[in-house]
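With PDB, C-alpha atoms and all ligand atoms inside, this is protein04.pdb:
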```
ATOM      1  CA  MET A   1     187.858 104.839  13.419
ATOM      2  CA  ILE A   2     184.385 103.322  13.418
ATOM      3  CA  GLU A   3     183.864 100.743  10.713
ATOM      4  CA  MET A   4     181.326 101.459   7.971
ATOM      5  CA  LEU A   5     179.538  98.426   6.553
ATOM      6  CA  LEU A   6     178.939  98.636   2.820
ATOM      7  CA  ASP A   7     175.918  97.675   0.764
ATOM      8  CA  LYS A   8     178.022  95.811  -1.808
ATOM      9  CA  ASP A   9     178.806  93.166   0.809
ATOM     10  CA  PHE A  10     175.158  92.422   1.578
ATOM     11  CA  PHE A  11     172.981  93.267  -1.429
ATOM     12  CA  SER A  12     173.137  90.958  -4.434
ATOM     13  CA  SER A  13     172.972  93.808  -6.981
ATOM     14  CA  SER A  14     172.941  97.585  -7.047
ATOM     15  CA  ASP A  15     169.341  97.332  -8.150
ATOM     16  CA  GLN A  16     168.175  95.386  -5.123
ATOM     17  CA  ASN A  17     166.801  97.533  -2.315
ATOM     18  CA  ILE A  18     166.072  94.975   0.394
ATOM     19  CA  ALA A  19     168.176  92.141   1.810
ATOM     20  CA  ILE A  20     167.491  89.756   4.682
ATOM     21  CA  GLU A  21     170.492  88.860   6.859
ATOM     22  CA  PRO A  22     169.729  86.341   9.606
ATOM     23  CA  ARG A  23     172.136  86.281  12.548
ATOM     24  CA  THR A  24     171.752  82.951  14.321
ATOM     25  CA  PRO A  25     173.434  83.825  16.542
ATOM     26  CA  GLN A  26     174.473  87.440  16.495
ATOM     27  CA  PRO A  27     177.924  87.473  18.131
ATOM     28  CA  VAL A  28     179.331  90.421  20.035
ATOM     29  CA  TYR A  29     179.812  92.990  17.297
ATOM     30  CA  PRO A  30     181.773  96.254  17.528
ATOM     31  CA  GLU A  31     180.520  99.746  16.924
ATOM     32  CA  HIS A  32     179.764 100.449  13.267
ATOM     33  CA  THR A  33     177.702 102.529  10.830
ATOM     34  CA  HIS A  34     176.402 101.582   7.393
ATOM     35  CA  ASN A  35     175.555 103.037   4.020
ATOM     36  CA  PHE A  36     172.158 101.298   4.239
ATOM     37  CA  ASN A  37     169.362 101.211   6.832
ATOM     38  CA  GLU A  38     168.308  98.264   8.944
ATOM     39  CA  ILE A  39     165.254  96.980  10.743
ATOM     40  CA  VAL A  40     166.248  94.412  13.330
ATOM     41  CA  ILE A  41     164.011  91.762  14.870
ATOM     42  CA  VAL A  42     165.036  89.830  17.965
ATOM     43  CA  THR A  43     163.745  86.310  17.393
ATOM     44  CA  SER A  44     165.274  84.820  20.544
ATOM     45  CA  GLY A  45     167.879  85.292  23.232
ATOM     46  CA  TYR A  46     169.253  88.338  25.005
ATOM     47  CA  GLY A  47     171.876  90.988  24.629
ATOM     48  CA  LYS A  48     172.799  94.584  25.186
ATOM     49  CA  HIS A  49     172.470  97.039  22.343
ATOM     50  CA  ILE A  50     174.213 100.396  22.345
ATOM     51  CA  LEU A  51     172.559 102.724  19.867
ATOM     52  CA  ASN A  52     174.198 106.132  19.431
ATOM     53  CA  GLY A  53     175.728 105.766  22.883
ATOM     54  CA  ARG A  54     172.515 104.739  24.661
ATOM     55  CA  LEU A  55     172.098 101.347  26.249
ATOM     56  CA  PHE A  56     169.068  99.107  25.615
ATOM     57  CA  ASP A  57     168.487  95.532  26.726
ATOM     58  CA  LEU A  58     167.280  93.224  23.991
ATOM     59  CA  TYR A  59     164.554  90.640  24.571
ATOM     60  CA  PRO A  60     162.806  88.166  22.304
ATOM     61  CA  GLY A  61     159.926  89.786  20.429
ATOM     62  CA  MET A  62     161.492  93.204  20.087
ATOM     63  CA  MET A  63     162.312  95.226  16.973
ATOM     64  CA  PHE A  64     164.171  98.437  16.258
ATOM     65  CA  TYR A  65     165.105 100.738  13.386
ATOM     66  CA  ILE A  66     168.699 101.655  12.541
ATOM     67  CA  LYS A  67     169.333 104.544  10.174
ATOM     68  CA  ALA A  68     172.427 104.273   7.964
ATOM     69  CA  SER A  69     174.259 106.976   9.926
ATOM     70  CA  ASP A  70     173.417 105.488  13.339
ATOM     71  CA  CYS A  71     176.265 103.990  15.298
ATOM     72  CA  HIS A  72     175.560 100.759  17.101
ATOM     73  CA  LEU A  73     177.036  97.618  18.668
ATOM     74  CA  TYR A  74     176.020  94.383  20.383
ATOM     75  CA  GLU A  75     177.461  93.294  23.742
ATOM     76  CA  SER A  76     176.793  90.694  26.464
ATOM     77  CA  VAL A  77     174.932  88.486  24.023
ATOM     78  CA  HIS A  78     173.283  85.269  25.222
ATOM     79  CA  ASP A  79     172.077  83.147  22.368
ATOM     80  CA  LEU A  80     170.908  86.310  20.665
ATOM     81  CA  HIS A  81     169.196  85.540  17.362
ATOM     82  CA  LEU A  82     168.361  88.421  15.071
ATOM     83  CA  THR A  83     166.864  88.917  11.667
ATOM     84  CA  ASN A  84     168.315  91.982   9.975
ATOM     85  CA  ILE A  85     166.219  93.523   7.237
ATOM     86  CA  LEU A  86     168.611  95.745   5.315
ATOM     87  CA  PHE A  87     167.187  98.401   3.013
ATOM     88  CA  ARG A  88     168.543 101.209   0.910
ATOM     89  CA  ASP A  89     167.423 104.803   1.038
ATOM     90  CA  PRO A  90     163.706 104.730   0.124
ATOM     91  CA  LYS A  91     164.464 107.297  -2.616
ATOM     92  CA  ASN A  92     165.950 104.382  -4.571
ATOM     93  CA  PHE A  93     162.831 102.243  -4.432
ATOM     94  CA  HIS A  94     161.461 101.501  -7.878
ATOM     95  CA  PHE A  95     157.789 100.909  -7.175
ATOM     96  CA  ILE A  96     156.872 102.520  -3.878
ATOM     97  CA  ASN A  97     157.372 105.989  -2.575
ATOM     98  CA  GLY A  98     156.581 107.780   0.638
ATOM     99  CA  ILE A  99     157.574 104.915   2.919
ATOM    100  CA  ASN A 100     159.673 107.204   5.094
ATOM    101  CA  GLN A 101     156.387 108.262   6.681
ATOM    102  CA  LEU A 102     156.014 104.751   8.050
ATOM    103  CA  ILE A 103     159.346 104.855   9.840
ATOM    104  CA  PRO A 104     159.214 106.594  13.219
ATOM    105  CA  ASN A 105     161.467 109.535  13.977
ATOM    106  CA  PRO A 106     164.353 108.594  16.236
ATOM    107  CA  ASP A 107     163.207 108.688  19.852
ATOM    108  CA  PRO A 108     165.848 108.417  22.572
ATOM    109  CA  ILE A 109     163.357 107.091  25.141
ATOM    110  CA  GLN A 110     161.483 104.514  23.197
ATOM    111  CA  SER A 111     163.263 103.124  20.188
ATOM    112  CA  HIS A 112     162.976  99.390  20.828
ATOM    113  CA  TYR A 113     159.469  98.096  20.355
ATOM    114  CA  PHE A 114     157.864  94.868  21.536
ATOM    115  CA  PHE A 115     155.453  93.228  19.140
ATOM    116  CA  ASP A 116     152.891  90.548  19.955
ATOM    117  CA  LYS A 117     152.766  86.937  18.816
ATOM    118  CA  LYS A 118     150.206  87.523  16.125
ATOM    119  CA  SER A 119     152.390  90.200  14.543
ATOM    120  CA  TYR A 120     155.389  87.888  14.905
ATOM    121  CA  GLU A 121     153.674  85.195  12.830
ATOM    122  CA  ASN A 122     152.774  87.703  10.144
ATOM    123  CA  ILE A 123     156.285  89.124  10.112
ATOM    124  CA  GLN A 124     157.849  85.664   9.805
ATOM    125  CA  SER A 125     155.634  84.642   6.937
ATOM    126  CA  ILE A 126     156.469  87.813   5.003
ATOM    127  CA  ILE A 127     160.196  87.467   5.657
ATOM    128  CA  LYS A 128     160.124  83.900   4.308
ATOM    129  CA  GLN A 129     158.821  85.223   1.013
ATOM    130  CA  LEU A 130     161.420  87.971   0.834
ATOM    131  CA  THR A 131     164.066  86.015  -1.052
ATOM    132  CA  PRO A 132     166.676  87.537  -3.388
ATOM    133  CA  ASN A 133     165.197  85.793  -6.439
ATOM    134  CA  GLN A 134     161.913  87.688  -6.146
ATOM    135  CA  SER A 135     161.368  90.634  -8.464
ATOM    136  CA  ASN A 136     161.959  94.126  -7.130
ATOM    137  CA  ALA A 137     158.231  94.814  -7.294
ATOM    138  CA  ILE A 138     157.429  91.871  -5.047
ATOM    139  CA  GLN A 139     160.286  92.602  -2.653
ATOM    140  CA  GLU A 140     159.198  96.185  -2.260
ATOM    141  CA  SER A 141     155.572  95.266  -1.730
ATOM    142  CA  LEU A 142     156.506  92.685   0.917
ATOM    143  CA  PHE A 143     158.699  95.263   2.609
ATOM    144  CA  LEU A 144     155.802  97.707   2.620
ATOM    145  CA  GLN A 145     153.648  95.083   4.334
ATOM    146  CA  LEU A 146     156.324  94.654   6.985
ATOM    147  CA  LEU A 147     156.498  98.379   7.593
ATOM    148  CA  LEU A 148     152.734  98.508   8.042
ATOM    149  CA  ILE A 149     152.823  95.776  10.678
ATOM    150  CA  PHE A 150     155.673  97.488  12.525
ATOM    151  CA  ASN A 151     154.010 100.853  12.275
ATOM    152  CA  ASN A 152     150.791  99.467  13.672
ATOM    153  CA  ASN A 153     152.729  98.321  16.651
ATOM    154  CA  LEU A 154     154.244 101.647  17.667
ATOM    155  CA  TYR A 155     151.490 103.003  19.830
ATOM    156  CA  VAL A 156     150.368 101.978  23.286
ATOM    157  CA  ASN A 157     146.672 101.280  23.282
ATOM    158  CA  GLN A 158     145.896 100.394  26.895
ATOM    159  CA  GLY A 159     143.683  97.471  27.736
ATOM    160  CA  SER A 160     142.541  96.208  24.351
ATOM    161  CA  GLY A 161     143.839  93.428  22.108
ATOM    162  CA  SER A 162     144.842  89.824  22.807
ATOM    163  CA  TYR A 163     146.367  88.767  26.121
ATOM    164  CA  ASP A 164     149.874  88.791  24.693
ATOM    165  CA  ASN A 165     149.215  92.143  23.075
ATOM    166  CA  ARG A 166     148.170  93.682  26.400
ATOM    167  CA  VAL A 167     151.258  92.265  28.094
ATOM    168  CA  LYS A 168     153.492  93.763  25.402
ATOM    169  CA  GLN A 169     151.678  97.086  25.763
ATOM    170  CA  LEU A 170     152.357  97.077  29.463
ATOM    171  CA  LEU A 171     156.060  96.401  28.836
ATOM    172  CA  ARG A 172     156.073  99.312  26.423
ATOM    173  CA  TRP A 173     154.336 101.538  28.926
ATOM    174  CA  LEU A 174     157.154 100.728  31.363
ATOM    175  CA  GLN A 175     159.813 101.649  28.785
ATOM    176  CA  ILE A 176     158.393 105.165  28.920
ATOM    177  CA  ASN A 177     157.367 105.358  32.580
ATOM    178  CA  PHE A 178     160.100 103.398  34.354
ATOM    179  CA  LYS A 179     160.942 106.387  36.558
ATOM    180  CA  GLU A 180     157.574 106.178  38.338
ATOM    181  CA  GLN A 181     156.950 104.187  41.495
ATOM    182  CA  ILE A 182     155.063 101.175  40.188
ATOM    183  CA  ASN A 183     152.071  99.580  41.840
ATOM    184  CA  TRP A 184     151.908  96.275  39.975
ATOM    185  CA  ALA A 185     148.381  95.350  41.030
ATOM    186  CA  GLN A 186     147.038  98.658  39.798
ATOM    187  CA  LEU A 187     149.096  98.705  36.632
ATOM    188  CA  THR A 188     148.127  95.202  35.523
ATOM    189  CA  GLU A 189     144.497  96.059  36.145
ATOM    190  CA  GLN A 190     144.821  99.086  33.857
ATOM    191  CA  PHE A 191     145.867  96.717  31.097
ATOM    192  CA  SER A 192     143.094  94.232  31.955
ATOM    193  CA  LEU A 193     145.621  91.638  33.128
ATOM    194  CA  SER A 194     145.693  89.545  36.256
ATOM    195  CA  LEU A 195     148.830  90.091  38.288
ATOM    196  CA  ARG A 196     149.629  86.400  38.694
ATOM    197  CA  SER A 197     149.218  85.382  35.090
ATOM    198  CA  PHE A 198     151.043  88.527  33.976
ATOM    199  CA  HIS A 199     153.992  87.510  36.128
ATOM    200  CA  ARG A 200     154.038  84.015  34.673
ATOM    201  CA  HIS A 201     153.598  85.213  31.100
ATOM    202  CA  ILE A 202     156.487  87.687  31.388
ATOM    203  CA  LYS A 203     158.820  85.081  32.815
ATOM    204  CA  ASN A 204     157.994  82.814  29.903
ATOM    205  CA  GLU A 205     158.390  85.483  27.262
ATOM    206  CA  ILE A 206     161.434  87.420  28.404
ATOM    207  CA  GLY A 207     162.948  85.148  31.053
ATOM    208  CA  ILE A 208     162.813  87.568  33.979
ATOM    209  CA  THR A 209     160.225  88.909  36.422
ATOM    210  CA  PRO A 210     158.434  92.208  35.779
ATOM    211  CA  GLN A 211     160.325  93.793  38.688
ATOM    212  CA  LYS A 212     163.655  92.704  37.207
ATOM    213  CA  TYR A 213     162.605  94.087  33.812
ATOM    214  CA  LEU A 214     161.773  97.407  35.453
ATOM    215  CA  ILE A 215     165.113  97.508  37.268
ATOM    216  CA  LYS A 216     166.979  96.774  34.043
ATOM    217  CA  LEU A 217     165.196  99.675  32.340
ATOM    218  CA  ARG A 218     166.256 101.947  35.195
ATOM    219  CA  LEU A 219     169.836 100.680  35.140
ATOM    220  CA  ALA A 220     170.181 101.063  31.389
ATOM    221  CA  ASN A 221     169.036 104.653  31.665
ATOM    222  CA  ALA A 222     171.379 105.318  34.599
ATOM    223  CA  TYR A 223     174.263 103.781  32.641
ATOM    224  CA  THR A 224     173.685 106.184  29.752
ATOM    225  CA  GLN A 225     173.333 109.182  32.080
ATOM    226  CA  LEU A 226     176.512 108.336  34.001
ATOM    227  CA  ILE A 227     178.429 108.624  30.763
ATOM    228  CA  TYR A 228     176.715 111.597  29.153
ATOM    229  CA  SER A 229     175.372 113.825  31.955
ATOM    230  CA  ASN A 230     177.067 115.778  34.726
ATOM    231  CA  LYS A 231     174.391 114.936  37.287
ATOM    232  CA  SER A 232     175.552 113.405  40.547
ATOM    233  CA  ILE A 233     175.186 109.675  41.009
ATOM    234  CA  THR A 234     172.571 110.223  43.728
ATOM    235  CA  THR A 235     170.514 112.435  41.431
ATOM    236  CA  ILE A 236     170.735 109.930  38.617
ATOM    237  CA  ALA A 237     169.698 107.088  40.930
ATOM    238  CA  GLN A 238     166.708 109.087  42.152
ATOM    239  CA  GLU A 239     165.675 110.231  38.724
ATOM    240  CA  CYS A 240     165.766 106.669  37.457
ATOM    241  CA  GLY A 241     163.338 105.573  40.146
ATOM    242  CA  PHE A 242     165.715 104.253  42.848
ATOM    243  CA  ASN A 243     164.960 105.928  46.146
ATOM    244  CA  ASP A 244     167.939 104.298  47.825
ATOM    245  CA  SER A 245     171.308 104.960  46.237
ATOM    246  CA  ALA A 246     173.054 102.087  48.061
ATOM    247  CA  TYR A 247     170.499  99.710  46.563
ATOM    248  CA  PHE A 248     171.107 101.369  43.185
ATOM    249  CA  SER A 249     174.848 100.658  43.465
ATOM    250  CA  THR A 250     174.243  97.031  44.379
ATOM    251  CA  CYS A 251     171.924  96.483  41.419
ATOM    252  CA  PHE A 252     174.293  98.335  39.110
ATOM    253  CA  LYS A 253     177.284  96.205  40.118
ATOM    254  CA  GLN A 254     175.292  93.056  39.636
ATOM    255  CA  GLU A 255     174.325  94.129  36.150
ATOM    256  CA  PHE A 256     177.619  95.564  34.885
ATOM    257  CA  THR A 257     180.265  94.094  37.283
ATOM    258  CA  PHE A 258     181.585  97.595  38.102
ATOM    259  CA  SER A 259     180.106 100.353  40.247
ATOM    260  CA  PRO A 260     178.419 103.560  39.058
ATOM    261  CA  GLN A 261     181.371 105.485  40.525
ATOM    262  CA  THR A 262     183.843 103.423  38.501
ATOM    263  CA  LEU A 263     181.955 104.114  35.291
ATOM    264  CA  ARG A 264     181.710 107.811  36.112
ATOM    265  CA  ASN A 265     185.461 108.122  36.825
ATOM    266  CA  ASN A 266     186.426 105.990  33.962
ATOM    267  CA  PRO A 267     184.031 106.259  30.992
ATOM    268  CA  ASP A 268     186.414 103.991  29.116
ATOM    269  CA  LYS A 269     184.723 101.107  30.892
ATOM    270  CA  ARG A 270     181.738 101.639  28.653
ATOM    271  CA  TYR A 271     180.858  99.301  25.844
ATOM    272  CA  HIS A 272     182.412 100.486  22.626
TER     273      HIS A 272
HETATM  274  C1  LIG B   1     176.187  92.408  11.537
HETATM  275  C2  LIG B   1     175.383  93.152  12.563
HETATM  276  C3  LIG B   1     175.219  94.548  12.098
HETATM  277  C4  LIG B   1     174.628  94.597  10.708
HETATM  278  C5  LIG B   1     175.378  93.717   9.747
HETATM  279  C6  LIG B   1     174.681  93.639   8.407
HETATM  280  O1  LIG B   1     176.380  91.086  11.959
HETATM  281  O2  LIG B   1     174.130  92.550  12.740
HETATM  282  O3  LIG B   1     174.411  95.319  12.960
HETATM  283  O4  LIG B   1     174.697  95.928  10.289
HETATM  284  O5  LIG B   1     175.530  92.425  10.281
HETATM  285 NI    NI B   2     174.317  97.376  12.018
END
```
Would you give me this structure, written as structure tokens?
Amino acid sequence: MIEMLLDKDFFSSSDQNIAIEPRTPQPVYPEHTHNFNEIVIVTSGYGKHILNGRLFDLYPGMMFYIKASDCHLYESVHDLHLTNILFRDPKNFHFINGINQLIPNPDPIQSHYFFDKKSYENIQSIIKQLTPNQSNAIQESLFLQLLLIFNNNLYVNQGSGSYDNRVKQLLRWLQINFKEQINWAQLTEQFSLSLRSFHRHIKNEIGITPQKYLIKLRLANAYTQLIYSNKSITTIAQECGFNDSAYFSTCFKQEFTFSPQTLRNNPDKRYH
């Protein structure tokens, strides 16, 4: 049985619609659902997130939405620090309605969004004000401001914005297009970035090279497909952008400690 987390353990009263739960750090945490929704911000560190059976790598400066009925867990955490923004069904809000329109529909491909540093500062300053002793009206209006910032961040808008913003857009573009063969010089140019400074910036921000980031996107997708599709391992490797399936196996083993074949034969190896 999957555990269901209950509002009464996190919200200070039945009247309160929003609660901030920092996780510094977030330990490994088993699969669960909730009777409330969450917006999660990764403030630092790394980890693996399984959302409704799909694997996503977490990096600093990322956020995602969890609906009450979603099932999720955290694994392979390294100093993962999260801020959870818990909120009840928007129907219960006292002062604001229609906010569901600001929350994106679940998207299996892109559900974890990078935001830029400017947004991060704004988000942090709003979260600081969101304390339990504020009135419901203020809490709801602060929450609305947060949703607007997040919503603003959902769309890729190639080549404009601050340097950090363009870098984050490129990372988001890769989340969608990781299956393509990537020409880094050309791609960085499309986002008005220089290849060398892009490389440096990425290493600073998410701790790995762009190529490694790309490979991890491909591996995460392959991992999910090995469990849920009937496609052959070679087909999965190819479809995820690996043109050499031996190289795919090597990368896969490095990432997960077991081979694609082992996972396929033995889905019990999966995180759950
Ligand atoms: C847990 C974990 C869960 C969240 C609860 C509130 O530590 O972060 O995802 O639902 O806290
Ligand atoms: Ni949760």
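Taking atom CA of Leu193 of chain A and atom CA of Ser111 of chain A as endpoints, the distance between them is 24.7 Å.
Pairwise distance (atom CA of Phe248 of chain A, atom CA of Asn265 of chain A) equals 17.1 Å.
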Nearest residue to ligand NI 2 (chain B) from the set A:Leu219, A:Ile50, A:Ile66, A:Ile236 (distances using all atoms listed in the file)
A:Ile66
Please identify the residues whose atoms come within 10 Å of ligand NI 2 (chain B), using only C-alpha atoms and all ligand atoms, and report them as a PyMOL selection string.
chain A and resi 4-5+29-40+51+65-74+84+86
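When atom O1 of ligand LIG 1 (chain B) is paired with atom CA of Asn122 of chain A, their separation reads 23.9 Å.
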Which residues match the PyMOL selection byres (((chain A and resi 83) around 8) and not hetatm) in the file above, as a PyMOL selection string?
chain A and resi 20-23+40-43+81-82+84-85
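For the choices A:Leu174, A:Leu195, A:Leu6, A:Leu217, the atom-to-atom distance to ligand LIG 1 (chain B) is smallest for A:Leu6 when using all atoms listed in the file.
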